[in-house]
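Read the structure below first, then the notes.
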Amino acid sequence: MRLSAYFLPTLKENPTEAQIVSHRLMLRAGMIRQTTAGIYSWLPLGNRVLKKIEQIVREEQDAAGAQEVLTPTIQPAELWRESGRYDDYGKEMLRIVDRHEREMLYGPTAEEVMTAIFRDDIKSYRNLPKMIYQIQWKFRDEIRPRFGVMRGREFLMKDAYSFDLDPTSARRSYQKMFLAYLRTFARLGLKAIPMQADTGPIGGDLSHEFIILADTGESGVFCDKRWLELDVNAEAPSYEDDLEPFFGKLTGIYAATDEKHDAANSPLPADQLVERRGIEVGHIFNFGTKYSKPMNAVVMGPNGDNVAVEMGSYGIGVSRLVGAIIEASHDDNGIIWPESVAPFKVGLINLKVGDTECDKVCADLYDDLRTAGVDVLYDDRDERPGVKFAAMDLIGLPWHLVVGPKGVKAGVVELKNRKTGERIELSKDSALDKLTQR
RNA sequence: CGGGGCGUAGCGCAGCCUGGUUAGCGCGCCAGUUUUGGGUACUGGAGGCCCCCGGUUCGAAUCCGGGCGCCCCGACCA
């Protein structure tokens, strides 16, 4: 993409409404614009990041054996009356009446819809277990939305639902998702700690929140200090393995949100315990038959009895992750994208637009990179170098490829790593090699 | 829902208290000059229902009433 043609409205100054760094940087980097309180439009750059995250989440869900579906944002009140949650959910649920006076709602979650889809077509234990998921917009009418996409009213969520014949099998589904979450967050460049959590309105007994430690986080959390240096993926099993040992080991290292932590009966001595702030990026629940019973989601078991299926649900805040990643990865100059989610891998900077040599070298690099399948954002604007460097730092692409007249005369270009700040001069071809092999 | 704040050009703000020429400033934007190596220049220019409605007044961005919107703190929530 050529920057001169890209819809990328960057801001030099901080908008007043943005209180935390990720919100400020998302606005300044031209990723999002607020449409109304807690509801955002995603501009091209932000949308690219959102799609990248979505894709990683999707790949890891698929790898864990979940199958992607898509259910509507608008749901009938009827389904929620079946589960008994229509009256319980309160004002967070956005309720709508259609032209026929039917009560509808904008889905804050999809347990009811998913349970209904399951029960309508799955009738035998032979078809279990099943795990389905979607990546779909949700709406929760927060009292006070804040922090940009970190706590919007409308947000993109990956929500998965597991259906099993018995609690043992359900536990295994839970552990698969537990592992999938660890792998997903690791690929996103994040360290997410699974913590014992309250189950809230979804209900159930087994539940973990996945928390990224960050000073700006909304949740207070407590954890064993061993978590701080633990590499959870080093010994992660595959999905075919018995997951119990791994699950047992990780859940055996204390971590809990402040709702769950009992300071009076702390399981750890004070010098072992760390108290921090955190951002919740995922939450998984096992809730048994809480929905399957009232909604009559039953299958015929091996002995001919109808049994209510054991269920779990598993959420990842996809749009929230965009903010969370920025909270975890930025500096004074702007965002520093992990390569896996960067909107473009390389920013190509032409320091002297109009110079025949520079234009030629840039045009070649631009074509070659794209041919090699590398996402490249070419700053071909007739701007001063400082302006270009600033913009490139702000939007945080992992690699900056700088082409200027001096270097071109000497047959070199400069490659800068946004994260480390390291700058090396090398030939155009070596730069290409380096960027295409990674 | 309780408490606080704000609404003036795309963004950040001043002006309002104490009403009175064509409503200012910085950034951005447009045109031209500059061809620039790490947030760097110069000249000129465009751009305003001063949130909305009503009232007071000879006169309202400014005072008064009502409404709407947005932000922050709290309670609440993923």
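Identifiers in this document derive from the order of the structure tokens: chains are assigned A, B, ..., residues are numbered from 1 separately in each chain, and ligands are numbered from 1 in order of occurrence.
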Give me the chain A side of the contact with chain B, cut-off 9 Å, one line per residue showing its nearest atom pair and distance in Å at one decimal, counting only C-alpha atoms (C1' of nucleotides), sorted by chain and residue number, as a Markdown table.
| residue | atom | partner | partner_atom | distance |
| --- | --- | --- | --- | --- |
| A:Leu11 | CA | B:C11 | C1' | 6.9 |
| A:Lys12 | CA | B:C27 | C1' | 7.3 |
| A:Glu13 | CA | B:G12 | C1' | 6.4 |
| A:Asn14 | CA | B:G12 | C1' | 7.5 |
| A:Pro15 | CA | B:C11 | C1' | 7.0 |
| A:Thr16 | CA | B:G12 | C1' | 8.0 |
| A:Glu17 | CA | B:C71 | C1' | 5.7 |
| A:Ala18 | CA | B:C71 | C1' | 8.7 |
| A:Thr36 | CA | B:C70 | C1' | 8.7 |
| A:Ala37 | CA | B:C70 | C1' | 7.6 |
| A:Glu92 | CA | B:C77 | C1' | 8.5 |
| A:Arg140 | CA | B:C77 | C1' | 9.0 |
| A:Glu142 | CA | B:C77 | C1' | 7.0 |
| A:Ile143 | CA | B:C76 | C1' | 7.0 |
| A:Arg144 | CA | B:C76 | C1' | 8.8 |
| A:Arg151 | CA | B:A78 | C1' | 8.6 |
| A:Glu280 | CA | B:A78 | C1' | 7.2 |
| A:Val281 | CA | B:A78 | C1' | 8.0 |
| A:Gly282 | CA | B:A78 | C1' | 7.8 |
| A:His283 | CA | B:A78 | C1' | 7.4 |
| A:Gly315 | CA | B:A78 | C1' | 8.4 |
| A:Ile316 | CA | B:A78 | C1' | 8.8 |
| A:Gly317 | CA | B:A78 | C1' | 7.6 |
| A:Leu351 | CA | B:G37 | C1' | 7.6 |
| A:Lys352 | CA | B:U35 | C1' | 6.9 |
| A:Val353 | CA | B:U35 | C1' | 8.4 |
| A:Gly354 | CA | B:U35 | C1' | 8.4 |
| A:Asp355 | CA | B:U35 | C1' | 8.5 |
| A:Glu383 | CA | B:U36 | C1' | 8.8 |
| A:Arg384 | CA | B:U36 | C1' | 6.1 |
| A:Pro385 | CA | B:G37 | C1' | 7.1 |
| A:Gly386 | CA | B:G39 | C1' | 5.1 |
| A:Val387 | CA | B:G39 | C1' | 6.1 |
| A:Lys388 | CA | B:G39 | C1' | 8.6 |
| A:Phe389 | CA | B:G38 | C1' | 6.5 |
| A:Ala390 | CA | B:G39 | C1' | 5.3 |
| A:Ala391 | CA | B:G39 | C1' | 8.7 |
| A:Gly404 | CA | B:G37 | C1' | 7.1 |
| A:Pro405 | CA | B:G37 | C1' | 8.7 |
| A:Lys406 | CA | B:G37 | C1' | 8.1 |
- Would you mind listing what lies within 12 Å of G65 (chain B) as a list in words, with only C-alpha atoms (C1' of nucleotides) counted and same-chain residues fewer than 5 positions away left out? C53, G54, G55 and U56 of chain B
Could you save the residues just selected, with N, CA and C atoms (P, O5', C5', C4', C3', O3' and C1' of nucleotides), as a JSON list (two decimals), in the first residue's frame?
[["chain", "number", "residue", "atom", "x", "y", "z"],
["B", 53, "C", "P", -30.91, 26.30, 16.99],
["B", 53, "C", "O5'", -32.14, 26.24, 18.02],
["B", 53, "C", "C5'", -33.24, 25.39, 17.78],
["B", 53, "C", "C4'", -34.19, 25.42, 18.96],
["B", 53, "C", "C3'", -34.56, 26.81, 19.46],
["B", 53, "C", "O3'", -35.58, 27.40, 18.69],
["B", 53, "C", "C1'", -33.99, 25.45, 21.30],
["B", 54, "G", "P", -35.64, 28.98, 18.55],
["B", 54, "G", "O5'", -35.98, 29.43, 20.04],
["B", 54, "G", "C5'", -37.32, 29.36, 20.52],
["B", 54, "G", "C4'", -37.37, 29.57, 22.02],
["B", 54, "G", "C3'", -37.06, 30.97, 22.53],
["B", 54, "G", "O3'", -38.13, 31.88, 22.33],
["B", 54, "G", "C1'", -35.99, 29.38, 23.90],
["B", 55, "G", "P", -37.77, 33.43, 22.15],
["B", 55, "G", "O5'", -37.32, 33.84, 23.63],
["B", 55, "G", "C5'", -38.27, 33.83, 24.68],
["B", 55, "G", "C4'", -37.59, 34.12, 26.00],
["B", 55, "G", "C3'", -36.98, 35.51, 26.13],
["B", 55, "G", "O3'", -37.94, 36.48, 26.45],
["B", 55, "G", "C1'", -35.46, 33.89, 26.94],
["B", 56, "U", "P", -37.73, 37.99, 25.94],
["B", 56, "U", "O5'", -36.54, 38.48, 26.88],
["B", 56, "U", "C5'", -36.73, 38.61, 28.28],
["B", 56, "U", "C4'", -35.47, 39.11, 28.93],
["B", 56, "U", "C3'", -34.87, 40.36, 28.30],
["B", 56, "U", "O3'", -35.50, 41.54, 28.79],
["B", 56, "U", "C1'", -33.17, 38.74, 28.65]]
- Could you tell me which of A:Glu54, A:Lys138, A:Asp231, A:Ile39 comes closest to Ile74 (chain A) if we count only C-alpha atoms? A:Lys138
- Item | DSSP-assigned strand (DSSP E) among region 7-122 of chain A, expressed as a ChimeraX atom specification | /A:32-36,39-42,67-68,74-76,94-97,103-106
- Query: Between CA of Gly312 (chain A) and CA of Asp120 (chain A), what is the spacing in Å?
  - Reply: 18.1 Å
- Task: Give the helix (DSSP H, G or I) residues of region 260-431 of chain A, as DSSP finds them on the backbone, and put them as number ranges by chain.
- Result: A: 263-265, 270-272, 318-328, 356-371, 385-395, 405-410, 428-431
- Task: Give me the residues within 8 Å of Asn286 (chain A) as a PyMOL selection string, counting only C-alpha atoms (C1' of nucleotides) and dropping any in the same chain fewer than 3 places off.
- Result: chain A and resi 170-171+174+204-207+311-313
I need the chosen residues saved as a compact mmCIF listing (two decimals), in the first residue's frame, with C-alpha atoms.
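For reference, again-v2.txt as written:
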# COMPACT_ATOMS: atom_id res chain seq x y z
CA ALA A 170 -16.43 -31.80 29.49
CA ARG A 171 -13.35 -31.33 31.62
CA TYR A 174 -12.21 -27.27 28.99
CA GLY A 204 -20.76 -22.68 36.63
CA ASP A 205 -18.05 -24.03 38.88
CA LEU A 206 -14.83 -24.23 36.88
CA SER A 207 -13.64 -20.94 35.45
CA MET A 311 -21.49 -27.45 28.41
CA GLY A 312 -18.77 -24.88 28.62
CA SER A 313 -18.23 -21.50 27.01
- Computed interatomic separation between CA of Pro76 (chain A) and CA of Gly38 (chain A) (Å):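 That distance, rounded to one decimal, is 23.8 Å.
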- Write out as number ranges by chain each polymer residue whose atoms come within 7 Å of Gly65 (chain A), counting only C-alpha atoms (C1' of nucleotides); drop sequence neighbours fewer than 3 positions from it. A: 61-62, 131
Residues from last step as file, N, CA and C atoms, as an mmCIF file, in the first residue's frame:
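Written output follows (selection-v5.cif):
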data_model
loop_
_atom_site.group_PDB
_atom_site.id
_atom_site.type_symbol
_atom_site.label_atom_id
_atom_site.label_comp_id
_atom_site.auth_asym_id
_atom_site.auth_seq_id
_atom_site.Cartn_x
_atom_site.Cartn_y
_atom_site.Cartn_z
ATOM 1 N N GLN A 61 -8.288 -21.936 17.338
ATOM 2 C CA GLN A 61 -9.550 -22.608 17.648
ATOM 3 C C GLN A 61 -9.710 -23.843 16.772
ATOM 4 N N ASP A 62 -9.414 -23.677 15.501
ATOM 5 C CA ASP A 62 -9.508 -24.806 14.570
ATOM 6 C C ASP A 62 -8.577 -25.927 15.017
ATOM 7 N N MET A 131 -17.599 -28.989 19.516
ATOM 8 C CA MET A 131 -17.184 -27.655 19.958
ATOM 9 C C MET A 131 -17.377 -26.699 18.778
#
- Message: Nearest residue to Met392 (chain A) out of A:Leu190, A:Leu8, A:Ala264, A:Ala270, using only C-alpha atoms?
- Response: A:Leu8
